[in-house]
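All remarks here apply to the structure that follows.
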Amino acid sequence: MLTMTHTALHKIKVHSMEAYPEECCGILVGLENKGGKEVLDVLKIDNAKGENRTRRFLITPADYRRAEAEASAEGLEVIGFYHSHPDHPAMPSQFDLDHAWPSCSYVIASVEERIPCAVRSWVLKDDRTAFEEEPLESLQKEAYRPIRKGSARAIHH
Amino acid sequence: MSTKVMIPTPLRAYTEKKDVVLLEGNTVGDLLHQLTSTYAPLRRHLFDDQGSLRSFVNVYVNDEDIRYLQQEETRVTEKDTVSIIPSIAGGKESAQ
């Protein structure tokens with residue numbers, strides 16, 4: 001189970017609209033406990049891919065390292081990533097599978113003709129043969145405190 | 001001689017939740033071999049079927065990417081810190 005507030009989900013959808021027809025990407029920061037993962041912050045990341053940005057995204061090691069350091073300083077963890085699939089279902093591709101890290105939630109936001117559609121979350125199977133969908137719950141109330149005010153921080157190159 | 005190896009969050013499920021592991025070896029390859037011998041399920045996530053480091057797995061000695069050093073032959077000492085740092089890549093199936 002992956003939980004996030006409506007605000008966090010909204011930020012992902014807005015980012016997917018802004019980036020359309022290119023793919024957007026970002027990092028999910030939060031906590032993992034027995035009940036699942038809780039997203040407490042959504043970090044927008046500039047797609048570092050130089051070409052084919054309508055069907056590819058890249059988060060650099062430098063961006064990852066910075067996000068992990070920031071999360072750690074707040075007592076949190078990088079718990080997953082998000083990206084958009086413009087005019088394509090919110091399901092992982094073979095390319096997503098080939099490049100996936102274990103343990104992480106991969107949130108995929110489908111956006112069709114700039115309109116946000118389905119948002120689904122996936123986790124790599126331990127044997128790397130496939131993704132499994134994990135339930136994604138979006139909470140109405142702001143049950144979680146943001147790490148800091150205006151938590152839609154962005155990392156720009 | 002032990003060298004500090006930093007483990008990124010996605011891999012800590014395989015290292016007993018440790019974010020730092022101390023390993024013995026003279027090269028990065030030695031350390032990675034020891035790491036995946038100690039924590040065998042890590043191997044498939046770091047290396048492909050041909051035994052090469054996966055393209056999205058980045059290994060740094062201090063702040064230098066080993067691709068720009070001597071790759072897995074890069075020598076290390078106890079004063080170095082080796083970090084495994086993810087690149088995150090993906091995208092939809094076909095060009096549209």
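Labels for the structure tokens follow display order: chains A, B, ..., residues from 1 in each chain, ligands from 1.
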
Interface, chain A side, toward chain B (6 Å; only C-alpha atoms) as a compact mmCIF listing (two decimals) with C-alpha atoms, in the first residue's frame:
```
# COMPACT_ATOMS: atom_id res chain seq x y z
CA ARG A 55 9.08 8.57 -24.17
CA ARG A 56 12.08 8.57 -21.85
CA PHE A 57 13.06 10.16 -18.55
CA LEU A 58 16.23 10.20 -16.50
CA ILE A 59 16.98 11.20 -12.92
CA THR A 60 20.73 11.66 -12.55
CA PRO A 61 22.84 10.20 -9.75
CA HIS A 85 3.33 8.31 -19.71
CA SER A 93 6.97 -0.67 -20.00
CA PHE A 95 12.13 -0.29 -20.54
CA ASP A 96 10.79 0.63 -17.07
CA HIS A 99 15.88 -0.16 -15.39
CA PRO A 102 13.89 -3.00 -6.04
CA SER A 103 11.87 -1.98 -2.98
```

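Proximity to A:Ser16 at 10 Å, evaluated using only C-alpha atoms and with sequence-adjacent residues fewer than 3 positions away removed, yields His10, Lys11, Ile12, Lys13, Ala19, Tyr20, Pro21, Glu22, Glu23, Cys24, Cys25, Tyr82, His83, Ser84, His85, Pro86, Ile108, Ala109, Ser110, Val111, Glu112, Arg114, Ile115, Pro116 and Cys117 of chain A.
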
Set the distance at 9 Å and use only C-alpha atoms: which residues neighbour stretch 128-137 of chain A once local chain neighbours fewer than 3 positions away are removed? I'd like the list as a PDB file with N, CA, C and O atoms, in the first residue's frame.
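So part21.pdb came out as:
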```pdb
ATOM      1  N   MET A   1       0.841  -1.206   0.000  1.00  0.00           N
ATOM      2  CA  MET A   1       0.000   0.000   0.000  1.00  0.00           C
ATOM      3  C   MET A   1       0.872   1.251   0.000  1.00  0.00           C
ATOM      4  O   MET A   1       1.808   1.360   0.783  1.00  0.00           O
ATOM      5  N   LEU A   2       0.572   2.157  -0.909  1.00  0.00           N
ATOM      6  CA  LEU A   2       1.240   3.453  -0.947  1.00  0.00           C
ATOM      7  C   LEU A   2       0.186   4.511  -0.672  1.00  0.00           C
ATOM      8  O   LEU A   2      -0.833   4.555  -1.360  1.00  0.00           O
ATOM      9  N   THR A   3       0.423   5.337   0.343  1.00  0.00           N
ATOM     10  CA  THR A   3      -0.533   6.398   0.637  1.00  0.00           C
ATOM     11  C   THR A   3       0.105   7.756   0.381  1.00  0.00           C
ATOM     12  O   THR A   3       1.299   7.943   0.598  1.00  0.00           O
ATOM     13  N   MET A   4      -0.718   8.657  -0.096  1.00  0.00           N
ATOM     14  CA  MET A   4      -0.274  10.046  -0.262  1.00  0.00           C
ATOM     15  C   MET A   4      -1.489  10.954  -0.147  1.00  0.00           C
ATOM     16  O   MET A   4      -2.623  10.503  -0.301  1.00  0.00           O
ATOM     17  N   THR A   5      -1.247  12.203   0.158  1.00  0.00           N
ATOM     18  CA  THR A   5      -2.351  13.145   0.260  1.00  0.00           C
ATOM     19  C   THR A   5      -2.842  13.525  -1.134  1.00  0.00           C
ATOM     20  O   THR A   5      -2.136  13.336  -2.131  1.00  0.00           O
ATOM     21  N   MET A  91       0.943   2.035 -17.030  1.00  0.00           N
ATOM     22  CA  MET A  91       1.496   0.704 -16.767  1.00  0.00           C
ATOM     23  C   MET A  91       2.970   0.695 -17.153  1.00  0.00           C
ATOM     24  O   MET A  91       3.364   1.326 -18.137  1.00  0.00           O
ATOM     25  N   PRO A  92       3.800  -0.042 -16.409  1.00  0.00           N
ATOM     26  CA  PRO A  92       5.236  -0.040 -16.711  1.00  0.00           C
ATOM     27  C   PRO A  92       5.532  -0.682 -18.063  1.00  0.00           C
ATOM     28  O   PRO A  92       4.895  -1.650 -18.457  1.00  0.00           O
ATOM     29  N   GLN A  94       8.521  -2.338 -20.785  1.00  0.00           N
ATOM     30  CA  GLN A  94       9.698  -3.208 -20.667  1.00  0.00           C
ATOM     31  C   GLN A  94      10.930  -2.376 -20.304  1.00  0.00           C
ATOM     32  O   GLN A  94      11.781  -2.811 -19.527  1.00  0.00           O
ATOM     33  N   LEU A  97      10.885  -1.757 -16.715  1.00  0.00           N
ATOM     34  CA  LEU A  97      11.267  -2.981 -16.001  1.00  0.00           C
ATOM     35  C   LEU A  97      12.783  -3.187 -16.038  1.00  0.00           C
ATOM     36  O   LEU A  97      13.398  -3.515 -15.021  1.00  0.00           O
ATOM     37  N   ASP A  98      13.354  -2.979 -17.208  1.00  0.00           N
ATOM     38  CA  ASP A  98      14.798  -3.230 -17.362  1.00  0.00           C
ATOM     39  C   ASP A  98      15.650  -2.308 -16.495  1.00  0.00           C
ATOM     40  O   ASP A  98      16.817  -2.608 -16.230  1.00  0.00           O
ATOM     41  N   ALA A 100      14.588  -0.871 -13.452  1.00  0.00           N
ATOM     42  CA  ALA A 100      13.959  -0.634 -12.141  1.00  0.00           C
ATOM     43  C   ALA A 100      14.852  -1.034 -10.969  1.00  0.00           C
ATOM     44  O   ALA A 100      15.643  -1.972 -11.063  1.00  0.00           O
ATOM     45  N   TRP A 101      14.664  -0.298  -9.894  1.00  0.00           N
ATOM     46  CA  TRP A 101      15.314  -0.624  -8.625  1.00  0.00           C
ATOM     47  C   TRP A 101      14.314  -1.344  -7.729  1.00  0.00           C
ATOM     48  O   TRP A 101      13.123  -1.029  -7.746  1.00  0.00           O
ATOM     49  N   PRO A 102      14.798  -2.275  -6.921  1.00  0.00           N
ATOM     50  CA  PRO A 102      13.887  -3.000  -6.036  1.00  0.00           C
ATOM     51  C   PRO A 102      13.409  -2.124  -4.875  1.00  0.00           C
ATOM     52  O   PRO A 102      13.998  -1.074  -4.604  1.00  0.00           O
ATOM     53  N   SER A 105       8.592   2.270  -4.873  1.00  0.00           N
ATOM     54  CA  SER A 105       7.314   2.447  -5.560  1.00  0.00           C
ATOM     55  C   SER A 105       7.554   3.233  -6.837  1.00  0.00           C
ATOM     56  O   SER A 105       8.228   4.267  -6.812  1.00  0.00           O
ATOM     57  N   VAL A 107       5.459   5.177  -9.320  1.00  0.00           N
ATOM     58  CA  VAL A 107       4.157   5.759  -9.626  1.00  0.00           C
ATOM     59  C   VAL A 107       4.186   6.255 -11.071  1.00  0.00           C
ATOM     60  O   VAL A 107       5.109   6.975 -11.471  1.00  0.00           O
ATOM     61  N   VAL A 119      -3.527   7.239 -12.343  1.00  0.00           N
ATOM     62  CA  VAL A 119      -2.236   7.215 -11.649  1.00  0.00           C
ATOM     63  C   VAL A 119      -2.179   5.896 -10.884  1.00  0.00           C
ATOM     64  O   VAL A 119      -3.073   5.602 -10.091  1.00  0.00           O
ATOM     65  N   ARG A 120      -1.153   5.100 -11.162  1.00  0.00           N
ATOM     66  CA  ARG A 120      -1.038   3.785 -10.531  1.00  0.00           C
ATOM     67  C   ARG A 120       0.378   3.585 -10.019  1.00  0.00           C
ATOM     68  O   ARG A 120       1.315   4.244 -10.486  1.00  0.00           O
ATOM     69  N   SER A 121       0.514   2.685  -9.059  1.00  0.00           N
ATOM     70  CA  SER A 121       1.833   2.462  -8.458  1.00  0.00           C
ATOM     71  C   SER A 121       2.252   1.008  -8.606  1.00  0.00           C
ATOM     72  O   SER A 121       1.424   0.096  -8.482  1.00  0.00           O
ATOM     73  N   TRP A 122       3.545   0.821  -8.833  1.00  0.00           N
ATOM     74  CA  TRP A 122       4.082  -0.499  -9.147  1.00  0.00           C
ATOM     75  C   TRP A 122       5.375  -0.742  -8.374  1.00  0.00           C
ATOM     76  O   TRP A 122       6.127   0.188  -8.105  1.00  0.00           O
ATOM     77  N   VAL A 123       5.615  -2.012  -8.051  1.00  0.00           N
ATOM     78  CA  VAL A 123       6.849  -2.395  -7.352  1.00  0.00           C
ATOM     79  C   VAL A 123       7.476  -3.570  -8.102  1.00  0.00           C
ATOM     80  O   VAL A 123       6.792  -4.519  -8.492  1.00  0.00           O
ATOM     81  N   LEU A 124       8.783  -3.489  -8.290  1.00  0.00           N
ATOM     82  CA  LEU A 124       9.514  -4.551  -8.988  1.00  0.00           C
ATOM     83  C   LEU A 124       9.487  -5.839  -8.169  1.00  0.00           C
ATOM     84  O   LEU A 124       9.740  -5.825  -6.961  1.00  0.00           O
ATOM     85  N   LYS A 125       9.212  -6.954  -8.833  1.00  0.00           N
ATOM     86  CA  LYS A 125       9.316  -8.244  -8.147  1.00  0.00           C
ATOM     87  C   LYS A 125      10.788  -8.537  -7.868  1.00  0.00           C
ATOM     88  O   LYS A 125      11.672  -8.123  -8.620  1.00  0.00           O
TER      89      LYS A 125
ATOM     90  N   ARG B  44      21.668  -9.722  -8.481  1.00  0.00           N
ATOM     91  CA  ARG B  44      20.847  -9.556  -9.691  1.00  0.00           C
ATOM     92  C   ARG B  44      20.432  -8.100  -9.904  1.00  0.00           C
ATOM     93  O   ARG B  44      20.087  -7.713 -11.021  1.00  0.00           O
ATOM     94  N   HIS B  45      20.457  -7.320  -8.842  1.00  0.00           N
ATOM     95  CA  HIS B  45      20.075  -5.912  -9.001  1.00  0.00           C
ATOM     96  C   HIS B  45      21.257  -5.026  -9.393  1.00  0.00           C
ATOM     97  O   HIS B  45      21.068  -3.947  -9.929  1.00  0.00           O
TER      98      HIS B  45
END
```

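With atom CA of A:Leu40 on one side and atom CA of A:Glu113 on the other, the separation reads 28.9 Å.
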
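Nearest-residue note for B:Leu31: choosing from B:Ile66, B:Gly51, B:Arg43, B:Ser2, the minimum distance belongs to B:Ser2, counting only C-alpha atoms.
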
For B:Leu23, find every residue with an atom within 8 Å (counting only C-alpha atoms), except residues of its own chain fewer than 5 positions away, and show them as an mmCIF file with N, CA, C and O atoms, in the first residue's frame.
```
data_model
loop_
_atom_site.group_PDB
_atom_site.id
_atom_site.type_symbol
_atom_site.label_atom_id
_atom_site.label_comp_id
_atom_site.auth_asym_id
_atom_site.auth_seq_id
_atom_site.Cartn_x
_atom_site.Cartn_y
_atom_site.Cartn_z
ATOM 1 N N SER B 2 39.596 -2.179 5.726
ATOM 2 C CA SER B 2 38.163 -2.059 5.428
ATOM 3 C C SER B 2 37.871 -0.733 4.754
ATOM 4 O O SER B 2 38.419 0.302 5.136
ATOM 5 N N THR B 3 37.025 -0.804 3.766
ATOM 6 C CA THR B 3 36.590 0.407 3.067
ATOM 7 C C THR B 3 35.087 0.548 3.257
ATOM 8 O O THR B 3 34.339 -0.428 3.198
ATOM 9 N N LYS B 4 34.674 1.787 3.458
ATOM 10 C CA LYS B 4 33.270 2.070 3.696
ATOM 11 C C LYS B 4 32.512 2.070 2.360
ATOM 12 O O LYS B 4 32.916 2.747 1.413
ATOM 13 N N VAL B 5 31.435 1.302 2.307
ATOM 14 C CA VAL B 5 30.590 1.270 1.106
ATOM 15 C C VAL B 5 29.194 1.765 1.489
ATOM 16 O O VAL B 5 28.542 1.185 2.373
ATOM 17 N N LEU B 31 35.416 -5.156 -3.659
ATOM 18 C CA LEU B 31 34.381 -4.758 -2.690
ATOM 19 C C LEU B 31 33.001 -5.213 -3.157
ATOM 20 O O LEU B 31 32.199 -5.722 -2.367
ATOM 21 N N GLN B 34 32.659 -8.891 -2.718
ATOM 22 C CA GLN B 34 32.410 -9.259 -1.320
ATOM 23 C C GLN B 34 30.994 -8.884 -0.895
ATOM 24 O O GLN B 34 30.322 -9.619 -0.168
ATOM 25 N N LEU B 35 30.555 -7.725 -1.384
ATOM 26 C CA LEU B 35 29.199 -7.270 -1.040
ATOM 27 C C LEU B 35 28.154 -8.275 -1.511
ATOM 28 O O LEU B 35 27.240 -8.655 -0.764
#
```

Q: List every residue of chain B that DSSP, applied to the backbone, labels as helix (DSSP H, G or I), and write the result as an NGL selection string.
A: :B and (9-14 or 28-38 or 40-46 or 66-68 or 71-73)

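Taking atom CA of A:Gly30 and atom CA of A:His15 as endpoints, the distance between them is 19.0 Å.
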
Q: Considering only C-alpha atoms, return as a list in words whatever protein or nucleic-acid residues lie within 9 Å of B:Val61, sequence-local ones (same chain, fewer than 4 positions apart) excluded.
A: Val28, Asp65, Ile66, Leu69, Thr74, Val76, Asp80, Thr81, Val82 and Ser83 of chain B

For the selection just defined, write its residues with N, CA and C atoms to a file, as a JSON list (two decimals), in the first residue's frame.
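Result file selection.json:
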```
[["chain", "number", "residue", "atom", "x", "y", "z"],
["B", 28, "VAL", "N", 37.57, -1.70, -6.38],
["B", 28, "VAL", "CA", 36.11, -1.61, -6.33],
["B", 28, "VAL", "C", 35.49, -2.97, -6.64],
["B", 65, "ASP", "N", 33.12, 9.11, -10.39],
["B", 65, "ASP", "CA", 32.46, 7.96, -11.01],
["B", 65, "ASP", "C", 33.54, 7.00, -11.52],
["B", 66, "ILE", "N", 33.43, 5.72, -11.17],
["B", 66, "ILE", "CA", 34.50, 4.78, -11.58],
["B", 66, "ILE", "C", 34.57, 4.61, -13.09],
["B", 69, "LEU", "N", 37.45, 6.47, -13.96],
["B", 69, "LEU", "CA", 38.69, 6.02, -13.30],
["B", 69, "LEU", "C", 39.08, 4.71, -14.00],
["B", 74, "THR", "N", 39.47, 0.06, -10.27],
["B", 74, "THR", "CA", 39.87, 1.24, -9.49],
["B", 74, "THR", "C", 40.31, 0.81, -8.09],
["B", 76, "VAL", "N", 41.25, 1.08, -4.14],
["B", 76, "VAL", "CA", 40.68, 1.79, -2.99],
["B", 76, "VAL", "C", 41.55, 1.54, -1.76],
["B", 80, "ASP", "N", 39.11, 5.77, 1.58],
["B", 80, "ASP", "CA", 38.11, 6.07, 0.56],
["B", 80, "ASP", "C", 36.70, 5.70, 1.04],
["B", 81, "THR", "N", 35.74, 6.36, 0.42],
["B", 81, "THR", "CA", 34.34, 5.97, 0.59],
["B", 81, "THR", "C", 33.79, 5.61, -0.78],
["B", 82, "VAL", "N", 33.25, 4.42, -0.87],
["B", 82, "VAL", "CA", 32.65, 3.96, -2.12],
["B", 82, "VAL", "C", 31.13, 4.08, -1.98],
["B", 83, "SER", "N", 30.50, 4.69, -2.98],
["B", 83, "SER", "CA", 29.05, 4.88, -2.92],
["B", 83, "SER", "C", 28.39, 4.25, -4.13]]
```

(Q) Could you check the closest approach to A:Asp87 for each of A:Lys49, A:Thr54, A:Lys34, A:Leu139 and tell me which residue wins, using only C-alpha atoms? (A) A:Thr54

(Q) as a list of chain:residue names, please: the residues near A:Val29 (cut-off 8 Å, only C-alpha atoms, same-chain neighbours under 3 positions excluded). (A) A:Val39, A:Leu40, A:Asp41, A:Val42, A:Leu43, A:Ala71, A:Leu76, A:Glu77, A:Val78, A:Ile79, A:Gly80

DSSP-assigned strand (DSSP E) among chain B, expressed as a CSV table (one decimal) with N, CA, C and O atoms, in the first residue's frame:
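Saved as result_8.csv:
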```csv
chain,number,residue,atom,x,y,z
B,2,SER,N,39.6,-2.2,5.7
B,2,SER,CA,38.2,-2.1,5.4
B,2,SER,C,37.9,-0.7,4.8
B,2,SER,O,38.4,0.3,5.1
B,3,THR,N,37.0,-0.8,3.8
B,3,THR,CA,36.6,0.4,3.1
B,3,THR,C,35.1,0.5,3.3
B,3,THR,O,34.3,-0.4,3.2
B,4,LYS,N,34.7,1.8,3.5
B,4,LYS,CA,33.3,2.1,3.7
B,4,LYS,C,32.5,2.1,2.4
B,4,LYS,O,32.9,2.7,1.4
B,5,VAL,N,31.4,1.3,2.3
B,5,VAL,CA,30.6,1.3,1.1
B,5,VAL,C,29.2,1.8,1.5
B,5,VAL,O,28.5,1.2,2.4
B,6,MET,N,28.8,2.8,0.8
B,6,MET,CA,27.5,3.4,1.1
B,6,MET,C,26.4,2.7,0.3
B,6,MET,O,26.5,2.6,-0.9
B,20,VAL,N,25.5,1.7,5.6
B,20,VAL,CA,27.0,1.6,5.4
B,20,VAL,C,27.4,0.2,5.7
B,20,VAL,O,27.0,-0.4,6.7
B,21,VAL,N,28.3,-0.3,4.8
B,21,VAL,CA,28.8,-1.7,5.0
B,21,VAL,C,30.4,-1.5,4.9
B,21,VAL,O,30.9,-0.9,4.0
B,22,LEU,N,31.1,-2.1,5.8
B,22,LEU,CA,32.6,-2.1,5.8
B,22,LEU,C,33.0,-3.4,5.1
B,22,LEU,O,32.6,-4.5,5.5
B,23,LEU,N,33.8,-3.3,4.0
B,23,LEU,CA,34.2,-4.4,3.3
B,23,LEU,C,35.7,-4.4,3.0
B,23,LEU,O,36.3,-3.3,3.0
B,24,GLU,N,36.3,-5.6,2.8
B,24,GLU,CA,37.7,-5.7,2.6
B,24,GLU,C,38.0,-5.9,1.1
B,24,GLU,O,37.3,-6.6,0.4
B,57,VAL,N,23.4,1.6,-12.5
B,57,VAL,CA,24.1,1.5,-11.3
B,57,VAL,C,25.4,2.3,-11.4
B,57,VAL,O,26.2,2.0,-12.2
B,58,ASN,N,25.5,3.3,-10.6
B,58,ASN,CA,26.7,4.1,-10.6
B,58,ASN,C,27.5,3.9,-9.3
B,58,ASN,O,26.9,3.8,-8.2
B,59,VAL,N,28.8,3.7,-9.5
B,59,VAL,CA,29.6,3.5,-8.4
B,59,VAL,C,30.7,4.6,-8.3
B,59,VAL,O,31.4,4.9,-9.3
B,60,TYR,N,30.7,5.3,-7.2
B,60,TYR,CA,31.6,6.4,-7.0
B,60,TYR,C,32.7,6.1,-6.0
B,60,TYR,O,32.4,5.4,-5.0
B,61,VAL,N,33.9,6.5,-6.2
B,61,VAL,CA,34.9,6.4,-5.2
B,61,VAL,C,35.1,7.9,-4.8
B,61,VAL,O,35.5,8.7,-5.6
B,64,GLU,N,34.2,10.6,-7.4
B,64,GLU,CA,34.5,10.3,-8.8
B,64,GLU,C,33.8,9.0,-9.3
B,64,GLU,O,33.8,7.9,-8.6
B,65,ASP,N,33.1,9.1,-10.4
B,65,ASP,CA,32.5,8.0,-11.0
B,65,ASP,C,33.5,7.0,-11.5
B,65,ASP,O,34.4,7.4,-12.2
B,81,THR,N,35.7,6.4,0.4
B,81,THR,CA,34.3,6.0,0.6
B,81,THR,C,33.8,5.6,-0.8
B,81,THR,O,33.9,6.4,-1.7
B,82,VAL,N,33.3,4.4,-0.9
B,82,VAL,CA,32.7,4.0,-2.1
B,82,VAL,C,31.1,4.1,-2.0
B,82,VAL,O,30.6,3.6,-1.0
B,83,SER,N,30.5,4.7,-3.0
B,83,SER,CA,29.0,4.9,-2.9
B,83,SER,C,28.4,4.3,-4.1
B,83,SER,O,28.8,4.4,-5.3
B,84,ILE,N,27.3,3.5,-3.9
B,84,ILE,CA,26.5,3.0,-5.0
B,84,ILE,C,25.3,4.0,-5.1
B,84,ILE,O,24.6,4.2,-4.1
B,85,ILE,N,25.2,4.6,-6.3
B,85,ILE,CA,24.2,5.7,-6.4
B,85,ILE,C,23.3,5.4,-7.7
B,85,ILE,O,23.8,5.2,-8.8
B,86,PRO,N,22.0,5.3,-7.5
B,86,PRO,CA,21.1,5.0,-8.6
B,86,PRO,C,21.0,6.1,-9.6
B,86,PRO,O,21.0,7.3,-9.3
B,88,ILE,N,17.8,6.9,-12.2
B,88,ILE,CA,16.5,6.4,-12.4
B,88,ILE,C,16.1,6.6,-13.8
B,88,ILE,O,16.0,7.8,-14.2
B,89,ALA,N,15.8,5.6,-14.6
B,89,ALA,CA,15.4,5.8,-16.0
B,89,ALA,C,14.2,5.0,-16.3
B,89,ALA,O,13.9,4.0,-15.6
B,90,GLY,N,13.5,5.4,-17.3
B,90,GLY,CA,12.3,4.6,-17.7
B,90,GLY,C,11.6,5.4,-18.8
B,90,GLY,O,12.1,6.4,-19.4
```

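Shortest atom-to-atom contact with A:Ile45 among A:Asp127, A:Arg66, A:Ala118, A:Ala73: A:Arg66, counting only C-alpha atoms.
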